[in-house]
>>> print(open('work-v6.pdb').read())   # PDB, N, CA and C atoms
ATOM      1  N   MET A   1      -2.588  40.044 -42.373
ATOM      2  CA  MET A   1      -2.549  38.629 -42.650
ATOM      3  C   MET A   1      -1.709  37.896 -41.614
ATOM      4  N   LYS A   2      -0.539  38.505 -41.232
ATOM      5  CA  LYS A   2       0.317  37.868 -40.242
ATOM      6  C   LYS A   2      -0.413  37.717 -38.905
ATOM      7  N   SER A   3      -1.135  38.756 -38.514
ATOM      8  CA  SER A   3      -1.827  38.694 -37.226
ATOM      9  C   SER A   3      -2.945  37.646 -37.253
ATOM     10  N   LEU A   4      -3.592  37.450 -38.398
ATOM     11  CA  LEU A   4      -4.637  36.437 -38.521
ATOM     12  C   LEU A   4      -4.026  35.040 -38.413
ATOM     13  N   THR A   5      -2.884  34.823 -39.046
ATOM     14  CA  THR A   5      -2.193  33.534 -38.974
ATOM     15  C   THR A   5      -1.755  33.252 -37.542
ATOM     16  N   LEU A   6      -1.207  34.277 -36.903
ATOM     17  CA  LEU A   6      -0.769  34.131 -35.520
ATOM     18  C   LEU A   6      -1.954  33.821 -34.603
ATOM     19  N   LEU A   7      -3.050  34.506 -34.830
ATOM     20  CA  LEU A   7      -4.255  34.287 -34.034
ATOM     21  C   LEU A   7      -4.773  32.868 -34.218
ATOM     22  N   LEU A   8      -4.797  32.361 -35.465
ATOM     23  CA  LEU A   8      -5.239  30.992 -35.733
ATOM     24  C   LEU A   8      -4.297  29.967 -35.106
ATOM     25  N   LEU A   9      -3.010  30.235 -35.143
ATOM     26  CA  LEU A   9      -2.017  29.346 -34.545
ATOM     27  C   LEU A   9      -2.205  29.273 -33.026
ATOM     28  N   LEU A  10      -2.399  30.415 -32.399
ATOM     29  CA  LEU A  10      -2.623  30.446 -30.949
ATOM     30  C   LEU A  10      -3.932  29.757 -30.575
ATOM     31  N   ALA A  11      -4.946  29.968 -31.357
ATOM     32  CA  ALA A  11      -6.246  29.356 -31.091
ATOM     33  C   ALA A  11      -6.168  27.837 -31.206
ATOM     34  N   SER A  12      -5.411  27.344 -32.171
ATOM     35  CA  SER A  12      -5.295  25.888 -32.339
ATOM     36  C   SER A  12      -4.412  25.267 -31.253
ATOM     37  N   ALA A  13      -3.471  26.017 -30.714
ATOM     38  CA  ALA A  13      -2.593  25.503 -29.658
ATOM     39  C   ALA A  13      -3.228  25.641 -28.284
ATOM     40  N   SER A  14      -4.248  26.443 -28.162
ATOM     41  CA  SER A  14      -4.885  26.717 -26.872
ATOM     42  C   SER A  14      -5.367  25.452 -26.150
ATOM     43  N   PRO A  15      -6.073  24.516 -26.802
ATOM     44  CA  PRO A  15      -6.517  23.316 -26.088
ATOM     45  C   PRO A  15      -5.348  22.490 -25.544
ATOM     46  N   VAL A  16      -4.259  22.438 -26.288
ATOM     47  CA  VAL A  16      -3.091  21.691 -25.834
ATOM     48  C   VAL A  16      -2.508  22.339 -24.581
ATOM     49  N   LEU A  17      -2.374  23.647 -24.618
ATOM     50  CA  LEU A  17      -1.801  24.357 -23.478
ATOM     51  C   LEU A  17      -2.705  24.313 -22.261
ATOM     52  N   THR A  18      -3.991  24.445 -22.458
ATOM     53  CA  THR A  18      -4.895  24.431 -21.311
ATOM     54  C   THR A  18      -5.006  23.033 -20.726
ATOM     55  N   GLY A  19      -4.760  21.993 -21.506
ATOM     56  CA  GLY A  19      -4.790  20.627 -20.983
ATOM     57  C   GLY A  19      -3.491  20.247 -20.310
ATOM     58  N   CYS A  20      -2.365  20.667 -20.862
ATOM     59  CA  CYS A  20      -1.052  20.284 -20.345
ATOM     60  C   CYS A  20      -0.709  20.949 -19.022
ATOM     61  N   VAL A  21      -0.882  22.236 -18.964
ATOM     62  CA  VAL A  21      -0.450  22.982 -17.774
ATOM     63  C   VAL A  21      -1.181  22.515 -16.520
ATOM     64  N   PRO A  22      -2.498  22.397 -16.538
ATOM     65  CA  PRO A  22      -3.164  21.907 -15.326
ATOM     66  C   PRO A  22      -2.746  20.480 -14.952
ATOM     67  N   MET A  23      -2.537  19.641 -15.962
ATOM     68  CA  MET A  23      -2.118  18.261 -15.678
ATOM     69  C   MET A  23      -0.725  18.226 -15.057
ATOM     70  N   MET A  24       0.189  19.079 -15.529
ATOM     71  CA  MET A  24       1.525  19.136 -14.943
ATOM     72  C   MET A  24       1.451  19.634 -13.512
ATOM     73  N   ALA A  25       0.608  20.620 -13.255
ATOM     74  CA  ALA A  25       0.454  21.139 -11.897
ATOM     75  C   ALA A  25      -0.130  20.075 -10.982
ATOM     76  N   ALA A  26      -1.131  19.341 -11.453
ATOM     77  CA  ALA A  26      -1.730  18.278 -10.645
ATOM     78  C   ALA A  26      -0.716  17.184 -10.350
ATOM     79  N   SER A  27       0.101  16.860 -11.322
ATOM     80  CA  SER A  27       1.138  15.851 -11.128
ATOM     81  C   SER A  27       2.150  16.292 -10.078
ATOM     82  N   ALA A  28       2.544  17.549 -10.123
ATOM     83  CA  ALA A  28       3.505  18.076  -9.144
ATOM     84  C   ALA A  28       2.919  18.048  -7.739
ATOM     85  N   VAL A  29       1.656  18.406  -7.614
ATOM     86  CA  VAL A  29       0.989  18.371  -6.304
ATOM     87  C   VAL A  29       0.922  16.944  -5.786
ATOM     88  N   SER A  30       0.589  16.014  -6.662
ATOM     89  CA  SER A  30       0.499  14.610  -6.273
ATOM     90  C   SER A  30       1.839  14.074  -5.793
ATOM     91  N   MET A  31       2.920  14.399  -6.507
ATOM     92  CA  MET A  31       4.252  13.946  -6.105
ATOM     93  C   MET A  31       4.648  14.549  -4.765
ATOM     94  N   ALA A  32       4.334  15.800  -4.547
ATOM     95  CA  ALA A  32       4.660  16.452  -3.279
ATOM     96  C   ALA A  32       3.896  15.795  -2.132
ATOM     97  N   ALA A  33       2.639  15.464  -2.363
ATOM     98  CA  ALA A  33       1.830  14.816  -1.321
ATOM     99  C   ALA A  33       2.377  13.434  -0.995
ATOM    100  N   GLN A  34       2.768  12.683  -2.003
ATOM    101  CA  GLN A  34       3.336  11.355  -1.766
ATOM    102  C   GLN A  34       4.647  11.459  -1.004
ATOM    103  N   GLY A  35       5.466  12.429  -1.340
ATOM    104  CA  GLY A  35       6.738  12.613  -0.649
ATOM    105  C   GLY A  35       6.562  12.965   0.808
ATOM    106  N   SER A  36       5.517  13.715   1.127
ATOM    107  CA  SER A  36       5.305  14.112   2.516
ATOM    108  C   SER A  36       4.846  12.952   3.382
ATOM    109  N   HIS A  37       4.309  11.893   2.780
ATOM    110  CA  HIS A  37       3.871  10.737   3.545
ATOM    111  C   HIS A  37       4.987   9.725   3.751
ATOM    112  N   GLY A  38       6.120   9.927   3.144
ATOM    113  CA  GLY A  38       7.236   9.000   3.294
ATOM    114  C   GLY A  38       7.215   7.959   2.194
ATOM    115  N   GLU A  39       8.359   7.679   1.676
ATOM    116  CA  GLU A  39       8.488   6.685   0.627
ATOM    117  C   GLU A  39       8.412   5.283   1.217
ATOM    118  N   ALA A  40       7.998   4.340   0.416
ATOM    119  CA  ALA A  40       7.959   2.948   0.835
ATOM    120  C   ALA A  40       9.331   2.339   0.629
ATOM    121  N   ALA A  41      10.311   2.923   1.296
ATOM    122  CA  ALA A  41      11.687   2.465   1.161
ATOM    123  C   ALA A  41      11.818   1.057   1.713
ATOM    124  N   GLY A  42      12.687   0.270   1.114
ATOM    125  CA  GLY A  42      12.928  -1.078   1.602
ATOM    126  C   GLY A  42      13.651  -1.033   2.933
ATOM    127  N   ASN A  43      12.940  -1.231   4.012
ATOM    128  CA  ASN A  43      13.517  -1.188   5.343
ATOM    129  C   ASN A  43      13.508  -2.610   5.881
ATOM    130  N   GLU A  44      14.545  -3.367   5.585
ATOM    131  CA  GLU A  44      14.598  -4.791   5.925
ATOM    132  C   GLU A  44      14.481  -5.023   7.426
ATOM    133  N   ASP A  45      15.094  -4.166   8.252
ATOM    134  CA  ASP A  45      15.028  -4.347   9.706
ATOM    135  C   ASP A  45      13.598  -4.208  10.206
ATOM    136  N   LEU A  46      12.893  -3.194   9.744
ATOM    137  CA  LEU A  46      11.519  -2.983  10.180
ATOM    138  C   LEU A  46      10.604  -4.087   9.641
ATOM    139  N   GLN A  47      10.872  -4.543   8.432
ATOM    140  CA  GLN A  47      10.079  -5.640   7.873
ATOM    141  C   GLN A  47      10.261  -6.914   8.702
ATOM    142  N   ALA A  48      11.487  -7.173   9.135
ATOM    143  CA  ALA A  48      11.755  -8.351   9.971
ATOM    144  C   ALA A  48      11.048  -8.229  11.320
ATOM    145  N   LYS A  49      11.065  -7.028  11.897
ATOM    146  CA  LYS A  49      10.363  -6.806  13.174
ATOM    147  C   LYS A  49       8.863  -7.011  12.997
ATOM    148  N   ALA A  50       8.316  -6.520  11.886
ATOM    149  CA  ALA A  50       6.888  -6.688  11.612
ATOM    150  C   ALA A  50       6.548  -8.160  11.469
ATOM    151  N   ARG A  51       7.353  -8.879  10.714
ATOM    152  CA  ARG A  51       7.114 -10.318  10.510
ATOM    153  C   ARG A  51       7.141 -11.051  11.850
ATOM    154  N   ASP A  52       8.145 -10.752  12.679
ATOM    155  CA  ASP A  52       8.278 -11.433  13.971
ATOM    156  C   ASP A  52       7.114 -11.113  14.907
ATOM    157  N   ALA A  53       6.769  -9.819  15.012
ATOM    158  CA  ALA A  53       5.680  -9.412  15.911
ATOM    159  C   ALA A  53       4.351  -9.994  15.456
ATOM    160  N   CYS A  54       4.100  -9.964  14.161
ATOM    161  CA  CYS A  54       2.828 -10.474  13.640
ATOM    162  C   CYS A  54       2.763 -11.996  13.748
ATOM    163  N   THR A  55       3.886 -12.664  13.564
ATOM    164  CA  THR A  55       3.934 -14.117  13.730
ATOM    165  C   THR A  55       3.631 -14.486  15.178
ATOM    166  N   GLU A  56       4.219 -13.742  16.106
ATOM    167  CA  GLU A  56       3.964 -14.007  17.531
ATOM    168  C   GLU A  56       2.483 -13.800  17.865
ATOM    169  N   ARG A  57       1.908 -12.734  17.362
ATOM    170  CA  ARG A  57       0.492 -12.449  17.626
ATOM    171  C   ARG A  57      -0.394 -13.540  17.025
ATOM    172  N   ALA A  58      -0.112 -13.945  15.801
ATOM    173  CA  ALA A  58      -0.926 -14.953  15.116
ATOM    174  C   ALA A  58      -0.764 -16.339  15.732
ATOM    175  N   SER A  59       0.357 -16.609  16.380
ATOM    176  CA  SER A  59       0.613 -17.939  16.931
ATOM    177  C   SER A  59      -0.368 -18.323  18.038
ATOM    178  N   GLN A  60      -1.091 -17.356  18.585
ATOM    179  CA  GLN A  60      -2.147 -17.651  19.569
ATOM    180  C   GLN A  60      -3.240 -18.523  18.964
ATOM    181  N   TYR A  61      -3.348 -18.478  17.624
ATOM    182  CA  TYR A  61      -4.445 -19.145  16.934
ATOM    183  C   TYR A  61      -4.024 -20.431  16.222
ATOM    184  N   GLY A  62      -2.759 -20.790  16.289
ATOM    185  CA  GLY A  62      -2.294 -22.021  15.650
ATOM    186  C   GLY A  62      -0.946 -21.831  14.976
ATOM    187  N   ALA A  63      -0.610 -22.823  14.149
ATOM    188  CA  ALA A  63       0.653 -22.785  13.401
ATOM    189  C   ALA A  63       0.572 -21.681  12.349
ATOM    190  N   VAL A  64       1.616 -20.872  12.278
ATOM    191  CA  VAL A  64       1.612 -19.675  11.432
ATOM    192  C   VAL A  64       2.404 -19.905  10.152
ATOM    193  N   HIS A  65       1.846 -19.413   9.052
ATOM    194  CA  HIS A  65       2.569 -19.360   7.776
ATOM    195  C   HIS A  65       2.410 -17.948   7.222
ATOM    196  N   VAL A  66       3.524 -17.217   7.111
ATOM    197  CA  VAL A  66       3.485 -15.854   6.553
ATOM    198  C   VAL A  66       3.573 -15.958   5.038
ATOM    199  N   ASN A  67       2.616 -15.328   4.355
ATOM    200  CA  ASN A  67       2.577 -15.356   2.891
ATOM    201  C   ASN A  67       3.274 -14.149   2.276
ATOM    202  N   VAL A  68       2.982 -12.947   2.798
ATOM    203  CA  VAL A  68       3.482 -11.712   2.188
ATOM    204  C   VAL A  68       3.801 -10.692   3.275
ATOM    205  N   VAL A  69       4.926  -9.994   3.097
ATOM    206  CA  VAL A  69       5.258  -8.825   3.915
ATOM    207  C   VAL A  69       5.407  -7.677   2.928
ATOM    208  N   GLU A  70       4.516  -6.672   3.033
ATOM    209  CA  GLU A  70       4.519  -5.566   2.082
ATOM    210  C   GLU A  70       4.703  -4.244   2.808
ATOM    211  N   GLN A  71       5.710  -3.496   2.380
ATOM    212  CA  GLN A  71       5.938  -2.171   2.959
ATOM    213  C   GLN A  71       5.291  -1.136   2.064
ATOM    214  N   ARG A  72       4.259  -0.458   2.598
ATOM    215  CA  ARG A  72       3.522   0.532   1.813
ATOM    216  C   ARG A  72       4.098   1.922   1.952
ATOM    217  N   LYS A  73       4.563   2.261   3.136
ATOM    218  CA  LYS A  73       5.189   3.553   3.417
ATOM    219  C   LYS A  73       6.372   3.285   4.324
ATOM    220  N   ALA A  74       7.116   4.335   4.625
ATOM    221  CA  ALA A  74       8.273   4.168   5.501
ATOM    222  C   ALA A  74       7.871   3.629   6.865
ATOM    223  N   ASP A  75       6.639   3.930   7.298
ATOM    224  CA  ASP A  75       6.197   3.506   8.623
ATOM    225  C   ASP A  75       4.923   2.660   8.571
ATOM    226  N   GLN A  76       4.679   1.959   7.464
ATOM    227  CA  GLN A  76       3.493   1.123   7.355
ATOM    228  C   GLN A  76       3.835  -0.169   6.630
ATOM    229  N   ILE A  77       3.733  -1.270   7.363
ATOM    230  CA  ILE A  77       3.995  -2.589   6.804
ATOM    231  C   ILE A  77       2.759  -3.453   7.053
ATOM    232  N   ILE A  78       2.379  -4.224   6.056
ATOM    233  CA  ILE A  78       1.254  -5.148   6.177
ATOM    234  C   ILE A  78       1.802  -6.563   6.034
ATOM    235  N   VAL A  79       1.431  -7.439   6.960
ATOM    236  CA  VAL A  79       1.835  -8.849   6.914
ATOM    237  C   VAL A  79       0.566  -9.677   6.736
ATOM    238  N   TRP A  80       0.564 -10.537   5.717
ATOM    239  CA  TRP A  80      -0.552 -11.442   5.478
ATOM    240  C   TRP A  80      -0.068 -12.867   5.663
ATOM    241  N   GLY A  81      -0.947 -13.707   6.189
ATOM    242  CA  GLY A  81      -0.580 -15.100   6.357
ATOM    243  C   GLY A  81      -1.779 -15.936   6.742
ATOM    244  N   THR A  82      -1.484 -17.176   7.145
ATOM    245  CA  THR A  82      -2.527 -18.090   7.588
ATOM    246  C   THR A  82      -2.112 -18.716   8.914
ATOM    247  N   VAL A  83      -3.124 -19.157   9.659
ATOM    248  CA  VAL A  83      -2.909 -19.929  10.884
ATOM    249  C   VAL A  83      -3.768 -21.186  10.785
ATOM    250  N   ASP A  84      -3.261 -22.275  11.355
ATOM    251  CA  ASP A  84      -3.989 -23.540  11.331
ATOM    252  C   ASP A  84      -3.891 -24.172  12.709
ATOM    253  N   ASP A  85      -5.059 -24.403  13.334
ATOM    254  CA  ASP A  85      -5.064 -25.002  14.670
ATOM    255  C   ASP A  85      -5.357 -26.499  14.628
ATOM    256  N   GLY A  86      -5.316 -27.086  13.445
ATOM    257  CA  GLY A  86      -5.604 -28.502  13.288
ATOM    258  C   GLY A  86      -7.070 -28.771  12.988
ATOM    259  N   LYS A  87      -7.929 -27.828  13.290
ATOM    260  CA  LYS A  87      -9.360 -27.962  13.018
ATOM    261  C   LYS A  87      -9.758 -27.146  11.798
ATOM    262  N   GLU A  88      -9.190 -25.945  11.699
ATOM    263  CA  GLU A  88      -9.496 -25.070  10.570
ATOM    264  C   GLU A  88      -8.317 -24.147  10.296
ATOM    265  N   SER A  89      -8.274 -23.678   9.052
ATOM    266  CA  SER A  89      -7.283 -22.672   8.655
ATOM    267  C   SER A  89      -7.982 -21.335   8.580
ATOM    268  N   ARG A  90      -7.285 -20.300   9.006
ATOM    269  CA  ARG A  90      -7.804 -18.935   8.915
ATOM    270  C   ARG A  90      -6.701 -18.049   8.365
ATOM    271  N   SER A  91      -7.106 -16.959   7.729
ATOM    272  CA  SER A  91      -6.129 -15.997   7.224
ATOM    273  C   SER A  91      -6.034 -14.835   8.208
ATOM    274  N   PHE A  92      -4.904 -14.154   8.176
ATOM    275  CA  PHE A  92      -4.762 -12.959   9.010
ATOM    276  C   PHE A  92      -4.115 -11.841   8.222
ATOM    277  N   GLU A  93      -4.424 -10.631   8.652
ATOM    278  CA  GLU A  93      -3.790  -9.415   8.144
ATOM    279  C   GLU A  93      -3.315  -8.646   9.366
ATOM    280  N   CYS A  94      -2.054  -8.291   9.369
ATOM    281  CA  CYS A  94      -1.458  -7.616  10.517
ATOM    282  C   CYS A  94      -0.836  -6.297  10.046
ATOM    283  N   ASP A  95      -1.299  -5.185  10.613
ATOM    284  CA  ASP A  95      -0.772  -3.859  10.278
ATOM    285  C   ASP A  95       0.296  -3.502  11.303
ATOM    286  N   PHE A  96       1.419  -2.978  10.820
ATOM    287  CA  PHE A  96       2.559  -2.695  11.685
ATOM    288  C   PHE A  96       3.174  -1.348  11.318
ATOM    289  N   GLY A  97       3.436  -0.519  12.341
ATOM    290  CA  GLY A  97       4.182   0.741  12.172
ATOM    291  C   GLY A  97       5.514   0.548  12.875
ATOM    292  N   THR A  98       5.578   0.949  14.131
ATOM    293  CA  THR A  98       6.717   0.602  14.986
ATOM    294  C   THR A  98       6.292  -0.491  15.954
ATOM    295  N   GLN A  99       4.982  -0.806  15.918
ATOM    296  CA  GLN A  99       4.389  -1.911  16.673
ATOM    297  C   GLN A  99       3.128  -2.339  15.921
ATOM    298  N   ILE A 100       2.458  -3.372  16.388
ATOM    299  CA  ILE A 100       1.228  -3.811  15.739
ATOM    300  C   ILE A 100       0.147  -2.757  15.962
ATOM    301  N   THR A 101      -0.448  -2.306  14.867
ATOM    302  CA  THR A 101      -1.504  -1.289  14.954
ATOM    303  C   THR A 101      -2.868  -1.852  14.573
ATOM    304  N   GLY A 102      -2.892  -3.067  14.066
ATOM    305  CA  GLY A 102      -4.155  -3.702  13.705
ATOM    306  C   GLY A 102      -3.930  -5.165  13.395
ATOM    307  N   PHE A 103      -4.895  -5.993  13.757
ATOM    308  CA  PHE A 103      -4.789  -7.433  13.480
ATOM    309  C   PHE A 103      -6.184  -7.949  13.170
ATOM    310  N   THR A 104      -6.352  -8.576  12.004
ATOM    311  CA  THR A 104      -7.640  -9.109  11.584
ATOM    312  C   THR A 104      -7.476 -10.583  11.250
ATOM    313  N   LEU A 105      -8.339 -11.391  11.830
ATOM    314  CA  LEU A 105      -8.341 -12.830  11.577
ATOM    315  C   LEU A 105      -9.634 -13.161  10.842
ATOM    316  N   ARG A 106      -9.536 -13.926   9.743
ATOM    317  CA  ARG A 106     -10.717 -14.254   8.933
ATOM    318  C   ARG A 106     -10.800 -15.759   8.707
ATOM    319  N   ARG A 107     -12.014 -16.247   8.712
ATOM    320  CA  ARG A 107     -12.254 -17.647   8.414
ATOM    321  C   ARG A 107     -12.035 -17.875   6.925
ATOM    322  N   ILE A 108     -11.440 -18.984   6.570
ATOM    323  CA  ILE A 108     -11.278 -19.363   5.167
ATOM    324  C   ILE A 108     -12.398 -20.331   4.834
ATOM    325  N   ALA A 109     -13.221 -19.963   3.880
ATOM    326  CA  ALA A 109     -14.347 -20.817   3.496
ATOM    327  C   ALA A 109     -13.820 -22.114   2.872
ATOM    328  N   PRO A 110     -14.379 -23.245   3.270
ATOM    329  CA  PRO A 110     -13.929 -24.514   2.685
ATOM    330  C   PRO A 110     -14.220 -24.568   1.186
ATOM    331  N   ALA A 111     -13.366 -25.249   0.461
ATOM    332  CA  ALA A 111     -13.560 -25.384  -0.993
ATOM    333  C   ALA A 111     -14.776 -26.266  -1.254
ATOM    334  N   SER A 112     -15.564 -25.884  -2.243
ATOM    335  CA  SER A 112     -16.780 -26.655  -2.553
ATOM    336  C   SER A 112     -16.469 -27.752  -3.520
TER     337      SER A 112
END
>>> encode(input="work-v6.pdb", output="structure tokens")
Amino acid sequence: MKSLTLLLLLASASPVLTGCVPMMAASAVSMAAQGSHGEAAGNEDLQAKARDACTERASQYGAVHVNVVEQRKADQIIVWGTVDDGKESRSFECDFGTQITGFTLRRIAPAS
């Protein structure tokens, strides 16, 4: 009787154990992978350099307004903003590591 009770107890706990252990392992792998890419630590000096470099690049197209500076990783900052040359406003996205690695300028559709 004891062995039957023990067997039923193990059988009922089996789905919980088989679901938990793989999920914990997947979580640990995910955390390790994120750590290897570098944390998005608040690096104010690098953010300021990104803002300045991206502002300078965008100024070729008109008056610059920076909307957001977002640090995604220790070495990846994205700067979003707008430029206005007096004729039209456009948005820009500027990718920055230790220098500008990408710059995209987009037309802003006029409001209807």
>>> resolve_selection(input="work-v6.pdb", expression="the PyMOL selection byres ((chain A and resi 52-57) around 8)", output="number ranges by chain")
A: 46-51, 58-62, 64-66, 79, 93-96, 99-100
>>> write_last_selection(input="work-v6.pdb", atoms="N, CA and C atoms", output="PDB file, keeping the file's coordinate frame")
ATOM      1  N   LEU A  46      12.893  -3.194   9.744  1.00  0.00           N
ATOM      2  CA  LEU A  46      11.519  -2.983  10.180  1.00  0.00           C
ATOM      3  C   LEU A  46      10.604  -4.087   9.641  1.00  0.00           C
ATOM      4  N   GLN A  47      10.872  -4.543   8.432  1.00  0.00           N
ATOM      5  CA  GLN A  47      10.079  -5.640   7.873  1.00  0.00           C
ATOM      6  C   GLN A  47      10.261  -6.914   8.702  1.00  0.00           C
ATOM      7  N   ALA A  48      11.487  -7.173   9.135  1.00  0.00           N
ATOM      8  CA  ALA A  48      11.755  -8.351   9.971  1.00  0.00           C
ATOM      9  C   ALA A  48      11.048  -8.229  11.320  1.00  0.00           C
ATOM     10  N   LYS A  49      11.065  -7.028  11.897  1.00  0.00           N
ATOM     11  CA  LYS A  49      10.363  -6.806  13.174  1.00  0.00           C
ATOM     12  C   LYS A  49       8.863  -7.011  12.997  1.00  0.00           C
ATOM     13  N   ALA A  50       8.316  -6.520  11.886  1.00  0.00           N
ATOM     14  CA  ALA A  50       6.888  -6.688  11.612  1.00  0.00           C
ATOM     15  C   ALA A  50       6.548  -8.160  11.469  1.00  0.00           C
ATOM     16  N   ARG A  51       7.353  -8.879  10.714  1.00  0.00           N
ATOM     17  CA  ARG A  51       7.114 -10.318  10.510  1.00  0.00           C
ATOM     18  C   ARG A  51       7.141 -11.051  11.850  1.00  0.00           C
ATOM     19  N   ALA A  58      -0.112 -13.945  15.801  1.00  0.00           N
ATOM     20  CA  ALA A  58      -0.926 -14.953  15.116  1.00  0.00           C
ATOM     21  C   ALA A  58      -0.764 -16.339  15.732  1.00  0.00           C
ATOM     22  N   SER A  59       0.357 -16.609  16.380  1.00  0.00           N
ATOM     23  CA  SER A  59       0.613 -17.939  16.931  1.00  0.00           C
ATOM     24  C   SER A  59      -0.368 -18.323  18.038  1.00  0.00           C
ATOM     25  N   GLN A  60      -1.091 -17.356  18.585  1.00  0.00           N
ATOM     26  CA  GLN A  60      -2.147 -17.651  19.569  1.00  0.00           C
ATOM     27  C   GLN A  60      -3.240 -18.523  18.964  1.00  0.00           C
ATOM     28  N   TYR A  61      -3.348 -18.478  17.624  1.00  0.00           N
ATOM     29  CA  TYR A  61      -4.445 -19.145  16.934  1.00  0.00           C
ATOM     30  C   TYR A  61      -4.024 -20.431  16.222  1.00  0.00           C
ATOM     31  N   GLY A  62      -2.759 -20.790  16.289  1.00  0.00           N
ATOM     32  CA  GLY A  62      -2.294 -22.021  15.650  1.00  0.00           C
ATOM     33  C   GLY A  62      -0.946 -21.831  14.976  1.00  0.00           C
ATOM     34  N   VAL A  64       1.616 -20.872  12.278  1.00  0.00           N
ATOM     35  CA  VAL A  64       1.612 -19.675  11.432  1.00  0.00           C
ATOM     36  C   VAL A  64       2.404 -19.905  10.152  1.00  0.00           C
ATOM     37  N   HIS A  65       1.846 -19.413   9.052  1.00  0.00           N
ATOM     38  CA  HIS A  65       2.569 -19.360   7.776  1.00  0.00           C
ATOM     39  C   HIS A  65       2.410 -17.948   7.222  1.00  0.00           C
ATOM     40  N   VAL A  66       3.524 -17.217   7.111  1.00  0.00           N
ATOM     41  CA  VAL A  66       3.485 -15.854   6.553  1.00  0.00           C
ATOM     42  C   VAL A  66       3.573 -15.958   5.038  1.00  0.00           C
ATOM     43  N   VAL A  79       1.431  -7.439   6.960  1.00  0.00           N
ATOM     44  CA  VAL A  79       1.835  -8.849   6.914  1.00  0.00           C
ATOM     45  C   VAL A  79       0.566  -9.677   6.736  1.00  0.00           C
ATOM     46  N   GLU A  93      -4.424 -10.631   8.652  1.00  0.00           N
ATOM     47  CA  GLU A  93      -3.790  -9.415   8.144  1.00  0.00           C
ATOM     48  C   GLU A  93      -3.315  -8.646   9.366  1.00  0.00           C
ATOM     49  N   CYS A  94      -2.054  -8.291   9.369  1.00  0.00           N
ATOM     50  CA  CYS A  94      -1.458  -7.616  10.517  1.00  0.00           C
ATOM     51  C   CYS A  94      -0.836  -6.297  10.046  1.00  0.00           C
ATOM     52  N   ASP A  95      -1.299  -5.185  10.613  1.00  0.00           N
ATOM     53  CA  ASP A  95      -0.772  -3.859  10.278  1.00  0.00           C
ATOM     54  C   ASP A  95       0.296  -3.502  11.303  1.00  0.00           C
ATOM     55  N   PHE A  96       1.419  -2.978  10.820  1.00  0.00           N
ATOM     56  CA  PHE A  96       2.559  -2.695  11.685  1.00  0.00           C
ATOM     57  C   PHE A  96       3.174  -1.348  11.318  1.00  0.00           C
ATOM     58  N   GLN A  99       4.982  -0.806  15.918  1.00  0.00           N
ATOM     59  CA  GLN A  99       4.389  -1.911  16.673  1.00  0.00           C
ATOM     60  C   GLN A  99       3.128  -2.339  15.921  1.00  0.00           C
ATOM     61  N   ILE A 100       2.458  -3.372  16.388  1.00  0.00           N
ATOM     62  CA  ILE A 100       1.228  -3.811  15.739  1.00  0.00           C
ATOM     63  C   ILE A 100       0.147  -2.757  15.962  1.00  0.00           C
TER      64      ILE A 100
END
>>> resolve_selection(input="work-v6.pdb", expression="the PyMOL selection byres (((chain A and resi 90 and name CA) around 9) and name CA)", output="CSV table (one decimal) with N, CA and C atoms, keeping the file's coordinate frame")
chain,number,residue,atom,x,y,z
A,61,TYR,N,-3.3,-18.5,17.6
A,61,TYR,CA,-4.4,-19.1,16.9
A,61,TYR,C,-4.0,-20.4,16.2
A,81,GLY,N,-0.9,-13.7,6.2
A,81,GLY,CA,-0.6,-15.1,6.4
A,81,GLY,C,-1.8,-15.9,6.7
A,82,THR,N,-1.5,-17.2,7.1
A,82,THR,CA,-2.5,-18.1,7.6
A,82,THR,C,-2.1,-18.7,8.9
A,83,VAL,N,-3.1,-19.2,9.7
A,83,VAL,CA,-2.9,-19.9,10.9
A,83,VAL,C,-3.8,-21.2,10.8
A,84,ASP,N,-3.3,-22.3,11.4
A,84,ASP,CA,-4.0,-23.5,11.3
A,84,ASP,C,-3.9,-24.2,12.7
A,85,ASP,N,-5.1,-24.4,13.3
A,85,ASP,CA,-5.1,-25.0,14.7
A,85,ASP,C,-5.4,-26.5,14.6
A,88,GLU,N,-9.2,-25.9,11.7
A,88,GLU,CA,-9.5,-25.1,10.6
A,88,GLU,C,-8.3,-24.1,10.3
A,89,SER,N,-8.3,-23.7,9.1
A,89,SER,CA,-7.3,-22.7,8.7
A,89,SER,C,-8.0,-21.3,8.6
A,91,SER,N,-7.1,-17.0,7.7
A,91,SER,CA,-6.1,-16.0,7.2
A,91,SER,C,-6.0,-14.8,8.2
A,92,PHE,N,-4.9,-14.2,8.2
A,92,PHE,CA,-4.8,-13.0,9.0
A,92,PHE,C,-4.1,-11.8,8.2
A,105,LEU,N,-8.3,-11.4,11.8
A,105,LEU,CA,-8.3,-12.8,11.6
A,105,LEU,C,-9.6,-13.2,10.8
A,106,ARG,N,-9.5,-13.9,9.7
A,106,ARG,CA,-10.7,-14.3,8.9
A,106,ARG,C,-10.8,-15.8,8.7
A,107,ARG,N,-12.0,-16.2,8.7
A,107,ARG,CA,-12.3,-17.6,8.4
A,107,ARG,C,-12.0,-17.9,6.9
A,108,ILE,N,-11.4,-19.0,6.6
A,108,ILE,CA,-11.3,-19.4,5.2
A,108,ILE,C,-12.4,-20.3,4.8
A,109,ALA,N,-13.2,-20.0,3.9
A,109,ALA,CA,-14.3,-20.8,3.5
A,109,ALA,C,-13.8,-22.1,2.9
>>> atom_distance(input="work-v6.pdb", atom1="CA of Ala111 (chain A)", atom2="atom C of Val69 (chain A)")
26.2 Å
>>> atom_distance(input="work-v6.pdb", atom1="atom C of Ala74 (chain A)", atom2="CA of Gly97 (chain A)")
7.1 Å
>>> axis_aligned_box(input="work-v6.pdb", around="region 62-72 of chain A", padding_each_side="3 Å", output="lines of an AutoDock Vina configuration file")
center_x = 1.6
center_y = -10.5
center_z = 9.1
size_x = 14.7
size_y = 30.7
size_z = 20.5
>>> atom_distance(input="work-v6.pdb", atom1="atom C of Glu44 (chain A)", atom2="CA of Ile78 (chain A)")
13.3 Å
>>> closest_residue(input="work-v6.pdb", among="A:Lys73, A:Val68, A:Ser112, A:Gly102", to="Asn43 (chain A)", atoms="all atoms listed in the file")
A:Lys73
